[in-house]
$ cat work_33.txt   # compact mmCIF, C-alpha atoms
# COMPACT_ATOMS: atom_id res chain seq x y z
CA MET A 1 -123.39 24.64 -160.69
CA ALA A 2 -122.72 24.98 -164.44
CA ALA A 3 -125.89 23.02 -165.29
CA ASP A 4 -128.06 25.63 -163.55
CA GLN A 5 -126.59 28.64 -165.38
CA ARG A 6 -128.49 30.33 -168.16
CA PRO A 7 -126.89 30.46 -171.63
CA LYS A 8 -124.45 33.31 -172.25
CA ALA A 9 -126.70 34.83 -174.91
CA ASP A 10 -129.59 35.01 -172.45
CA THR A 11 -127.39 36.66 -169.82
CA LEU A 12 -126.25 39.24 -172.36
CA ALA A 13 -129.83 39.94 -173.47
CA LEU A 14 -130.94 40.45 -169.85
CA ARG A 15 -127.99 42.74 -169.17
CA GLN A 16 -128.74 44.84 -172.23
CA ARG A 17 -132.36 45.17 -171.11
CA LEU A 18 -131.84 45.77 -167.39
CA ILE A 19 -128.40 47.35 -166.90
CA SER A 20 -127.50 50.85 -168.12
CA SER A 21 -125.30 50.93 -171.21
CA SER A 22 -123.10 53.38 -169.25
CA CYS A 23 -121.98 50.33 -167.26
CA ARG A 24 -119.73 48.93 -169.94
CA LEU A 25 -118.38 45.44 -170.49
CA PHE A 26 -114.88 44.35 -171.34
CA PHE A 27 -114.66 43.11 -174.95
CA PRO A 28 -118.12 44.47 -175.96
CA GLU A 29 -117.94 42.82 -179.39
CA ASP A 30 -117.86 39.40 -177.68
CA PRO A 31 -118.13 39.64 -173.87
CA VAL A 32 -116.72 36.91 -171.65
CA LYS A 33 -119.07 35.28 -169.15
CA ILE A 34 -116.97 34.56 -166.08
CA VAL A 35 -118.43 32.14 -163.54
CA ARG A 36 -115.52 31.47 -161.19
CA ALA A 37 -111.90 32.38 -160.50
CA GLN A 38 -108.93 31.15 -158.50
CA GLY A 39 -105.53 32.73 -158.07
CA GLN A 40 -104.54 34.45 -161.31
CA TYR A 41 -107.04 32.49 -163.40
CA MET A 42 -110.65 33.12 -164.42
CA TYR A 43 -113.05 30.57 -165.94
CA ASP A 44 -115.95 31.04 -168.31
CA GLU A 45 -119.22 29.11 -168.46
CA GLN A 46 -117.60 26.50 -170.72
CA GLY A 47 -114.76 25.92 -168.27
CA ALA A 48 -112.12 27.70 -170.39
CA GLU A 49 -109.24 29.08 -168.33
CA TYR A 50 -108.00 32.65 -168.83
CA ILE A 51 -104.87 34.29 -167.41
CA ASP A 52 -106.05 37.46 -165.69
CA CYS A 53 -103.76 40.43 -166.37
CA ILE A 54 -106.45 42.98 -165.47
CA SER A 55 -107.54 42.44 -161.88
CA ASN A 56 -105.38 44.33 -159.42
CA VAL A 57 -108.47 44.13 -157.19
CA ALA A 58 -107.91 40.42 -156.56
CA HIS A 59 -104.56 41.45 -155.14
CA VAL A 60 -103.40 38.20 -153.51
CA GLY A 61 -105.34 36.06 -155.99
CA HIS A 62 -108.99 35.46 -156.74
CA CYS A 63 -110.86 33.71 -153.92
CA HIS A 64 -107.75 33.24 -151.80
CA PRO A 65 -108.78 30.58 -149.25
CA LEU A 66 -107.37 32.45 -146.24
CA VAL A 67 -109.22 35.66 -147.18
CA VAL A 68 -112.45 33.76 -147.85
CA GLN A 69 -112.07 31.93 -144.54
CA ALA A 70 -111.51 35.16 -142.59
CA ALA A 71 -114.67 36.75 -144.03
CA HIS A 72 -116.75 33.61 -143.45
CA GLU A 73 -115.64 33.09 -139.86
CA GLN A 74 -116.25 36.72 -138.85
CA ASN A 75 -119.61 36.75 -140.66
CA GLN A 76 -120.73 33.83 -138.51
CA VAL A 77 -120.03 35.79 -135.30
CA LEU A 78 -120.72 39.50 -135.84
CA ASN A 79 -120.92 42.17 -138.50
CA THR A 80 -121.95 45.62 -137.34
CA ASN A 81 -120.82 49.23 -137.58
CA SER A 82 -117.80 50.91 -136.06
CA ARG A 83 -119.71 52.75 -133.32
CA TYR A 84 -119.24 49.69 -131.10
CA LEU A 85 -115.87 48.77 -129.68
CA HIS A 86 -114.29 45.84 -131.51
CA ASP A 87 -110.73 44.51 -131.72
CA ASN A 88 -110.67 44.07 -135.50
CA ILE A 89 -110.74 47.76 -136.39
CA VAL A 90 -107.93 48.72 -134.00
CA ASP A 91 -105.87 45.64 -134.89
CA TYR A 92 -106.20 46.50 -138.55
CA ALA A 93 -105.32 50.17 -138.06
CA GLN A 94 -102.26 49.14 -136.07
CA ARG A 95 -101.11 46.68 -138.74
CA LEU A 96 -101.50 49.32 -141.46
CA SER A 97 -99.63 51.89 -139.36
CA GLU A 98 -96.65 49.53 -139.19
CA THR A 99 -96.31 49.74 -142.99
CA LEU A 100 -96.45 53.56 -143.14
CA PRO A 101 -94.25 56.44 -141.97
CA GLU A 102 -95.00 57.20 -138.33
CA GLN A 103 -96.52 60.59 -139.21
CA LEU A 104 -99.44 58.83 -140.96
CA CYS A 105 -101.14 57.65 -137.79
CA VAL A 106 -104.86 58.49 -138.03
CA PHE A 107 -107.16 56.14 -139.96
CA TYR A 108 -110.63 56.30 -141.47
CA PHE A 109 -112.26 53.19 -142.94
CA LEU A 110 -114.65 53.24 -145.88
CA ASN A 111 -115.98 51.01 -148.67
CA SER A 112 -114.43 52.20 -151.94
CA GLY A 113 -111.59 54.17 -153.42
CA SER A 114 -114.04 56.85 -154.53
CA GLU A 115 -115.23 57.29 -150.94
CA ALA A 116 -111.63 57.43 -149.75
CA ASN A 117 -110.64 60.10 -152.28
CA ASP A 118 -113.76 62.14 -151.51
CA LEU A 119 -112.87 62.13 -147.82
CA ALA A 120 -109.24 62.99 -148.63
CA LEU A 121 -110.47 66.02 -150.56
CA ARG A 122 -112.57 67.12 -147.58
CA LEU A 123 -109.63 66.66 -145.21
CA ALA A 124 -107.31 68.67 -147.44
CA ARG A 125 -109.80 71.52 -147.80
CA HIS A 126 -110.45 71.77 -144.08
CA TYR A 127 -106.73 71.76 -143.41
CA THR A 128 -105.81 74.42 -145.99
CA GLY A 129 -108.96 76.51 -146.03
CA HIS A 130 -108.98 76.69 -149.82
CA GLN A 131 -110.60 74.83 -152.71
CA ASP A 132 -107.77 74.72 -155.24
CA VAL A 133 -106.51 71.32 -156.37
CA VAL A 134 -103.52 70.48 -158.57
CA VAL A 135 -104.00 67.30 -160.61
CA LEU A 136 -102.17 65.49 -163.38
CA ASP A 137 -103.58 65.57 -166.87
CA HIS A 138 -105.70 62.51 -167.73
CA ALA A 139 -106.02 61.62 -164.01
CA TYR A 140 -109.04 59.75 -162.66
CA HIS A 141 -109.89 59.83 -158.95
CA GLY A 142 -113.35 58.27 -158.71
CA HIS A 143 -116.99 58.40 -159.76
CA LEU A 144 -118.42 60.83 -157.16
CA SER A 145 -119.30 64.34 -158.32
CA SER A 146 -116.56 65.83 -156.15
CA LEU A 147 -114.00 63.58 -157.85
CA ILE A 148 -115.27 63.95 -161.40
CA ASP A 149 -114.51 67.67 -160.94
CA ILE A 150 -110.82 66.88 -160.31
CA SER A 151 -110.52 64.09 -162.90
CA PRO A 152 -109.53 65.41 -166.37
CA TYR A 153 -110.12 61.87 -167.67
CA LYS A 154 -113.83 62.48 -167.03
CA PHE A 155 -114.61 66.19 -166.79
CA ARG A 156 -113.37 66.99 -170.29
CA ASN A 157 -116.32 64.97 -171.62
CA LEU A 158 -118.79 66.51 -169.18
CA ASP A 159 -118.94 70.02 -167.67
CA GLY A 160 -115.35 70.99 -168.30
CA GLN A 161 -112.64 72.23 -165.97
CA LYS A 162 -113.55 74.21 -162.87
CA GLU A 163 -111.54 77.38 -162.20
CA TRP A 164 -110.13 75.96 -158.97
CA VAL A 165 -108.75 72.84 -160.69
CA HIS A 166 -105.21 73.25 -162.02
CA VAL A 167 -104.02 70.60 -164.46
CA VAL A 168 -100.33 69.75 -164.75
CA CYS A 169 -99.14 68.11 -167.95
CA THR A 170 -97.61 64.70 -167.39
CA ALA A 171 -94.38 66.04 -168.92
CA GLN A 172 -93.92 67.91 -165.65
CA LEU A 173 -94.14 64.80 -163.50
CA ASN A 174 -90.39 64.26 -163.83
CA ASN A 175 -89.72 67.91 -163.00
CA ARG A 176 -91.32 67.65 -159.54
CA LEU A 177 -93.41 70.80 -160.17
CA ARG A 178 -90.40 73.12 -160.30
CA PRO A 179 -91.57 76.67 -161.19
CA SER A 180 -89.06 76.79 -164.04
CA SER A 181 -90.87 73.91 -165.71
CA LEU A 182 -94.40 75.32 -165.53
CA SER A 183 -94.19 76.90 -168.98
CA LEU A 184 -93.99 73.42 -170.48
CA CYS A 185 -97.74 73.11 -169.99
CA PRO A 186 -100.12 75.63 -171.60
CA VAL A 187 -102.62 75.61 -168.73
CA TRP A 188 -99.91 76.87 -166.35
CA GLU A 189 -98.55 79.74 -168.45
CA GLY A 190 -98.75 83.06 -166.64
CA ARG A 191 -100.11 81.53 -163.43
CA SER A 192 -98.61 81.53 -159.98
CA PHE A 193 -99.58 78.94 -157.38
CA PRO A 194 -97.96 79.50 -153.99
CA LEU A 195 -100.19 76.71 -152.67
CA LEU A 196 -97.76 74.16 -154.13
CA ALA A 197 -95.26 74.66 -151.34
CA THR A 198 -97.75 74.66 -148.48
CA SER A 199 -100.59 72.37 -149.53
CA PRO A 200 -100.95 68.83 -148.17
CA LYS A 201 -99.46 66.12 -150.33
CA TRP A 202 -101.99 63.42 -151.26
CA GLN A 203 -100.79 60.59 -153.60
CA ASN A 204 -103.37 57.81 -154.44
CA GLU A 205 -102.33 54.20 -153.56
CA ILE A 206 -105.60 52.63 -154.70
CA GLN A 207 -104.09 50.88 -157.73
CA VAL A 208 -100.43 50.64 -156.78
CA GLY A 209 -100.25 50.08 -153.02
CA PHE A 210 -99.75 46.97 -150.89
CA GLY A 211 -96.48 45.85 -152.47
CA ARG A 212 -97.50 45.98 -156.12
CA VAL A 213 -94.48 48.10 -157.07
CA GLY A 214 -92.20 45.45 -155.55
CA LYS A 215 -89.36 47.60 -154.27
CA HIS A 216 -91.62 49.22 -151.68
CA PHE A 217 -94.90 48.50 -149.94
CA TRP A 218 -96.28 51.88 -151.05
CA ALA A 219 -95.66 53.54 -154.40
CA PHE A 220 -95.08 56.95 -152.80
CA GLN A 221 -91.93 55.46 -151.26
CA LEU A 222 -90.42 55.40 -154.76
CA GLN A 223 -89.99 59.17 -154.30
CA GLY A 224 -87.38 58.63 -151.58
CA LYS A 225 -87.27 57.90 -147.88
CA ASP A 226 -87.68 61.56 -146.95
CA PHE A 227 -90.95 61.97 -148.82
CA VAL A 228 -93.98 61.62 -146.54
CA PRO A 229 -97.44 62.51 -147.83
CA ASP A 230 -100.00 64.12 -145.53
CA ILE A 231 -102.83 61.90 -146.76
CA VAL A 232 -102.80 58.41 -148.32
CA THR A 233 -105.87 56.75 -149.83
CA MET A 234 -106.27 52.99 -150.27
CA GLY A 235 -108.84 50.88 -152.06
CA LYS A 236 -109.29 48.08 -154.63
CA SER A 237 -106.51 45.68 -153.60
CA ILE A 238 -106.90 46.40 -149.88
CA GLY A 239 -109.79 43.92 -149.60
CA ASN A 240 -108.99 41.46 -152.41
CA GLY A 241 -112.47 41.99 -153.87
CA HIS A 242 -114.29 42.76 -150.63
CA PRO A 243 -115.42 46.44 -150.51
CA VAL A 244 -112.83 47.99 -148.20
CA ALA A 245 -111.06 51.34 -148.38
CA CYS A 246 -108.98 53.47 -146.05
CA VAL A 247 -107.65 57.00 -145.59
CA ALA A 248 -104.50 57.52 -143.53
CA ALA A 249 -103.65 61.06 -142.44
CA THR A 250 -101.25 62.96 -140.26
CA GLN A 251 -102.34 64.34 -136.89
CA PRO A 252 -102.47 67.99 -138.07
CA VAL A 253 -104.72 67.12 -141.03
CA ALA A 254 -107.01 64.96 -138.90
CA ARG A 255 -107.21 67.53 -136.09
CA ALA A 256 -108.26 70.29 -138.51
CA PHE A 257 -111.13 68.07 -139.67
CA GLU A 258 -112.11 67.16 -136.12
CA ALA A 259 -112.19 70.85 -135.15
CA THR A 260 -115.33 71.32 -137.25
CA GLY A 261 -117.24 69.25 -134.71
CA VAL A 262 -118.90 67.29 -137.52
CA GLU A 263 -118.89 63.51 -137.05
CA TYR A 264 -117.57 61.26 -139.78
CA PHE A 265 -119.58 58.03 -139.86
CA ASN A 266 -119.63 55.35 -142.52
CA THR A 267 -122.27 52.64 -142.08
CA PHE A 268 -120.17 49.75 -143.37
CA GLY A 269 -116.67 51.22 -143.21
CA GLY A 270 -114.49 49.49 -140.62
CA SER A 271 -116.97 46.68 -139.95
CA PRO A 272 -115.62 43.57 -138.20
CA VAL A 273 -115.88 41.56 -141.43
CA SER A 274 -114.16 44.20 -143.57
CA CYS A 275 -111.31 44.53 -141.08
CA ALA A 276 -110.97 40.75 -140.81
CA VAL A 277 -110.62 40.62 -144.59
CA GLY A 278 -108.07 43.45 -144.58
CA LEU A 279 -106.01 41.71 -141.92
CA ALA A 280 -106.11 38.46 -143.90
CA VAL A 281 -104.81 40.23 -147.02
CA LEU A 282 -101.86 41.63 -145.04
CA ASN A 283 -101.19 38.16 -143.61
CA VAL A 284 -101.15 36.57 -147.07
CA LEU A 285 -98.88 39.29 -148.48
CA GLU A 286 -96.40 38.57 -145.70
CA LYS A 287 -96.74 34.77 -145.61
CA GLU A 288 -96.40 34.32 -149.38
CA GLN A 289 -93.77 37.08 -149.76
CA LEU A 290 -95.76 38.64 -152.57
CA GLN A 291 -93.94 41.97 -152.51
CA ASP A 292 -90.65 40.23 -153.33
CA HIS A 293 -92.53 38.12 -155.86
CA ALA A 294 -93.77 41.29 -157.59
CA THR A 295 -90.17 42.49 -157.86
CA SER A 296 -88.83 39.32 -159.44
CA VAL A 297 -91.75 38.49 -161.72
CA GLY A 298 -92.25 42.14 -162.67
CA SER A 299 -88.59 42.51 -163.65
CA PHE A 300 -88.80 39.34 -165.74
CA LEU A 301 -91.98 40.53 -167.44
CA MET A 302 -90.39 43.92 -168.18
CA GLU A 303 -87.41 42.12 -169.73
CA LEU A 304 -89.63 40.00 -171.98
CA LEU A 305 -91.71 43.02 -173.01
CA GLY A 306 -88.50 44.96 -173.69
CA GLN A 307 -87.54 42.26 -176.20
CA GLN A 308 -90.88 42.87 -177.93
CA LYS A 309 -89.98 46.55 -178.25
CA ILE A 310 -86.82 45.60 -180.12
CA LYS A 311 -88.68 43.14 -182.36
CA HIS A 312 -91.91 45.04 -183.11
CA PRO A 313 -91.89 48.73 -184.19
CA ILE A 314 -95.43 49.19 -182.89
CA VAL A 315 -94.10 48.90 -179.33
CA GLY A 316 -92.98 52.44 -178.61
CA ASP A 317 -92.11 52.05 -174.95
CA VAL A 318 -92.29 49.69 -172.00
CA ARG A 319 -92.43 51.28 -168.56
CA GLY A 320 -93.46 50.39 -165.07
CA VAL A 321 -92.32 48.92 -161.80
CA GLY A 322 -93.15 45.65 -160.09
CA LEU A 323 -96.41 44.23 -161.40
CA PHE A 324 -97.73 47.54 -162.70
CA ILE A 325 -96.53 47.86 -166.29
CA GLY A 326 -97.59 49.75 -169.41
CA VAL A 327 -96.75 48.98 -173.04
CA ASP A 328 -97.12 52.01 -175.31
CA LEU A 329 -98.32 51.11 -178.82
CA ILE A 330 -97.58 53.70 -181.54
CA LYS A 331 -98.20 53.95 -185.26
CA ASP A 332 -94.68 55.19 -186.06
CA GLU A 333 -91.57 56.34 -184.24
CA ALA A 334 -91.49 59.80 -185.84
CA THR A 335 -94.93 61.05 -184.77
CA ARG A 336 -95.58 58.56 -181.95
CA THR A 337 -99.27 58.66 -182.89
CA PRO A 338 -101.21 56.39 -180.51
CA ALA A 339 -102.04 53.04 -182.12
CA THR A 340 -105.56 53.04 -180.68
CA GLU A 341 -107.26 50.69 -183.12
CA GLU A 342 -104.32 48.29 -183.09
CA ALA A 343 -104.39 48.17 -179.28
CA ALA A 344 -108.11 47.34 -179.26
CA TYR A 345 -107.54 44.63 -181.87
CA LEU A 346 -104.62 43.20 -179.90
CA VAL A 347 -106.48 42.86 -176.58
CA SER A 348 -109.39 41.23 -178.37
CA ARG A 349 -107.05 38.73 -180.03
CA LEU A 350 -105.40 38.05 -176.68
CA LYS A 351 -108.82 37.33 -175.20
CA GLU A 352 -109.37 34.80 -177.99
CA ASN A 353 -106.09 33.26 -176.81
CA TYR A 354 -107.27 33.15 -173.18
CA VAL A 355 -105.40 36.19 -171.88
CA LEU A 356 -107.40 39.03 -170.33
CA LEU A 357 -105.71 42.42 -170.75
CA SER A 358 -107.01 46.00 -170.94
CA THR A 359 -105.93 49.30 -172.49
CA ASP A 360 -105.55 52.70 -170.86
CA GLY A 361 -104.16 56.18 -171.47
CA PRO A 362 -105.64 59.20 -173.27
CA GLY A 363 -105.23 57.40 -176.60
CA ARG A 364 -106.39 54.03 -175.25
CA ASN A 365 -103.16 52.66 -176.71
CA ILE A 366 -101.38 51.54 -173.53
CA LEU A 367 -101.51 47.84 -172.71
CA LYS A 368 -101.91 47.84 -168.93
CA PHE A 369 -100.53 44.88 -166.98
CA LYS A 370 -101.79 44.73 -163.37
CA PRO A 371 -102.44 41.05 -162.64
CA PRO A 372 -103.02 39.43 -159.25
CA MET A 373 -99.76 39.34 -157.31
CA CYS A 374 -99.51 35.55 -157.63
CA PHE A 375 -98.93 35.96 -161.40
CA SER A 376 -95.98 33.67 -162.13
CA LEU A 377 -92.85 33.55 -164.26
CA ASP A 378 -94.54 30.91 -166.39
CA ASN A 379 -97.58 33.15 -166.80
CA ALA A 380 -95.26 35.94 -168.00
CA ARG A 381 -93.71 33.62 -170.59
CA GLN A 382 -97.12 32.45 -171.83
CA VAL A 383 -98.60 35.92 -172.10
CA VAL A 384 -95.63 37.46 -173.91
CA ALA A 385 -95.36 34.48 -176.29
CA LYS A 386 -99.01 35.00 -177.27
CA LEU A 387 -98.47 38.75 -177.54
CA ASP A 388 -95.47 38.16 -179.81
CA ALA A 389 -97.41 35.77 -182.06
CA ILE A 390 -100.30 38.21 -182.47
CA LEU A 391 -98.02 41.17 -183.16
CA THR A 392 -96.18 39.12 -185.79
CA ASP A 393 -99.50 38.18 -187.40
CA MET A 394 -100.61 41.83 -187.33
CA GLU A 395 -97.42 42.90 -189.12
CA GLU A 396 -97.95 40.25 -191.79
CA LYS A 397 -101.51 41.48 -192.34
CA VAL A 398 -100.31 45.06 -192.69
CA ARG A 399 -97.65 44.02 -195.20
CA SER A 400 -100.28 42.21 -197.28
CA CYS A 401 -102.64 45.22 -196.97
CA GLU A 402 -105.21 43.21 -195.03
CA THR A 403 -107.54 45.02 -192.61
CA LEU A 404 -107.15 44.19 -188.94
CA ARG A 405 -110.59 42.70 -188.42
CA LEU A 406 -111.74 40.28 -185.77
CA GLN A 407 -113.46 37.09 -186.84
CA PRO A 408 -117.20 37.11 -185.98

$ encode --input "work_33.txt" --output "structure tokens"
Amino acid sequence: MAADQRPKADTLALRQRLISSSCRLFFPEDPVKIVRAQGQYMYDEQGAEYIDCISNVAHVGHCHPLVVQAAHEQNQVLNTNSRYLHDNIVDYAQRLSETLPEQLCVFYFLNSGSEANDLALRLARHYTGHQDVVVLDHAYHGHLSSLIDISPYKFRNLDGQKEWVHVVCTAQLNNRLRPSSLSLCPVWEGRSFPLLATSPKWQNEIQVGFGRVGKHFWAFQLQGKDFVPDIVTMGKSIGNGHPVACVAATQPVARAFEATGVEYFNTFGGSPVSCAVGLAVLNVLEKEQLQDHATSVGSFLMELLGQQKIKHPIVGDVRGVGLFIGVDLIKDEATRTPATEEAAYLVSRLKENYVLLSTDGPGRNILKFKPPMCFSLDNARQVVAKLDAILTDMEEKVRSCETLRLQP
């Protein structure tokens, strides 16, 4: 296979000519050409092996044989839309329902997290009869126009904030939206939102669901056993790379939507192949005990990263749960200015050392760990050892007044 591939430089030239520059690459200064992957590893055209700390999409591991087999076997028999009766869609809905609170018992199947969040927004609006949406600052909910409007991460660089979008500062996340805390955030001063008490609760499980947080199967369960959202959206990891998404809702929310008389149909959502893949992912999670694995490996990784915080002043904080972890890089403790350039330099150096990691946050200074769930204790040791070596080298360069510059 490798002998038939075009050179990396030719691939890059074709991409630059044919693909919009809005569709950005990781590591744009020196992109990686990935030709295959397995488990928590990705391989470039030269056969070099990288530890993948980015892809929460390949939830149970890249190209997991049981998931690949399930898709292949169903593809050989039938793949059609959900307007025909088929066992896969009801089997899958039933399996998902067993992981959720009993109130979340109505399912819609789609192809992407953006589609799921768009439908969730429609469901919520039909149920409440109003447009207003409360979102966290810097949130991102998807690439559709309806979701750009409720994603501060995007709309601040486009058309700005709509009057019916109400942004809550992340400082209020720990205050559970108590009215007494609203003055902490400028956009809330002098405003009253009675909708908070009555509106449907919709948390987004697209990045953190399916056992990634370790302690629970769903991240919303971290809020306590009595907390039950009215709508849950799922995507990315649900299909291990196959385009699958889902919305789960309560009966009252679903019935309000059904009362409009308008059909909801999605050409590929809930197809026999997509549901076979979804079922296979659930089977692998259970068979390989990956939720427990996320707890143990995630705790170990947090411990190792915590040691880096003690050793390196640039590490301002380490936070997360399970295999969803952020490392906050700062310029100094007093101002906590985001170390944006240093973070970009660090992930590029890690790539040179065969570790794929990305940054996130409003300052692009958060190292974001969300590897496939099969990421191992040994992987954690390797990654943090390389991180430590690069941070040490960066500190030596700063002491000698060298510029942090990547080698061409």

$ atom_distance --input "work_33.txt" --atom1 "CA of Tyr50 (chain A)" --atom2 "CA of Val355 (chain A)"
5.3 Å

$ residues_around --input "work_33.txt" --residues "Tyr345 (chain A)" --least-positions-apart "5" --cutoff "12 Å" --atoms "all atoms listed in the file" --output "PDB file with C-alpha atoms, in the frame of the given file"
ATOM      1  CA  PHE A  27    -114.660  43.110-174.950  1.00  0.00           C
ATOM      2  CA  GLU A  29    -117.940  42.820-179.390  1.00  0.00           C
ATOM      3  CA  LEU A 329     -98.320  51.110-178.820  1.00  0.00           C
ATOM      4  CA  ALA A 339    -102.040  53.040-182.120  1.00  0.00           C
ATOM      5  CA  THR A 340    -105.560  53.040-180.680  1.00  0.00           C
ATOM      6  CA  LEU A 350    -105.400  38.050-176.680  1.00  0.00           C
ATOM      7  CA  LYS A 351    -108.820  37.330-175.200  1.00  0.00           C
ATOM      8  CA  GLU A 352    -109.370  34.800-177.990  1.00  0.00           C
ATOM      9  CA  LEU A 357    -105.710  42.420-170.750  1.00  0.00           C
ATOM     10  CA  SER A 358    -107.010  46.000-170.940  1.00  0.00           C
ATOM     11  CA  THR A 359    -105.930  49.300-172.490  1.00  0.00           C
ATOM     12  CA  ARG A 364    -106.390  54.030-175.250  1.00  0.00           C
ATOM     13  CA  ASN A 365    -103.160  52.660-176.710  1.00  0.00           C
ATOM     14  CA  LEU A 367    -101.510  47.840-172.710  1.00  0.00           C
ATOM     15  CA  LEU A 387     -98.470  38.750-177.540  1.00  0.00           C
ATOM     16  CA  ILE A 390    -100.300  38.210-182.470  1.00  0.00           C
ATOM     17  CA  LEU A 391     -98.020  41.170-183.160  1.00  0.00           C
ATOM     18  CA  ASP A 393     -99.500  38.180-187.400  1.00  0.00           C
ATOM     19  CA  MET A 394    -100.610  41.830-187.330  1.00  0.00           C
ATOM     20  CA  THR A 403    -107.540  45.020-192.610  1.00  0.00           C
ATOM     21  CA  LEU A 404    -107.150  44.190-188.940  1.00  0.00           C
ATOM     22  CA  ARG A 405    -110.590  42.700-188.420  1.00  0.00           C
ATOM     23  CA  LEU A 406    -111.740  40.280-185.770  1.00  0.00           C
ATOM     24  CA  GLN A 407    -113.460  37.090-186.840  1.00  0.00           C
TER      25      GLN A 407
END

$ closest_residue --input "work_33.txt" --among "A:Val165, A:Gly214, A:Val321, A:Pro313" --to "Gln289 (chain A)" --atoms "only C-alpha atoms"
A:Gly214

$ residues_around --input "work_33.txt" --residues "Ala116 (chain A)" --least-positions-apart "3" --cutoff "8 Å" --atoms "all atoms listed in the file" --output "ChimeraX atom specification"
/A:110-113,119-120,233-235,245-247

$ residues_around --input "work_33.txt" --residues "Gly209 (chain A)" --least-positions-apart "4" --cutoff "6 Å" --atoms "only C-alpha atoms" --output "PyMOL selection string"
chain A and resi 205+218-219

$ closest_residue --input "work_33.txt" --among "A:Ala276, A:Leu282, A:Leu85, A:Val77" --to "Glu98 (chain A)" --atoms "all atoms listed in the file"
A:Leu282

$ atom_distance --input "work_33.txt" --atom1 "CA of Cys374 (chain A)" --atom2 "CA of Leu290 (chain A)"
7.0 Å

$ axis_aligned_box --input "work_33.txt" --around "region 158-162 of chain A" --padding-each-side "4 Å" --output "lines of an AutoDock Vina configuration file"
center_x = -115.8
center_y = 70.4
center_z = -166.0
size_x = 14.3
size_y = 15.7
size_z = 14.3

$ closest_residue --input "work_33.txt" --among "A:His64, A:Lys368, A:Lys311, A:Arg24" --to "Gly39 (chain A)" --atoms "all atoms listed in the file"
A:His64

$ closest_residue --input "work_33.txt" --among "A:Glu395, A:Asp230, A:Asp52, A:Asp10" --to "Val383 (chain A)" --atoms "only C-alpha atoms"
A:Asp52

$ closest_residue --input "work_33.txt" --among "A:His312, A:Ala294, A:Val347, A:Phe257" --to "Asp332 (chain A)" --atoms "all atoms listed in the file"
A:His312
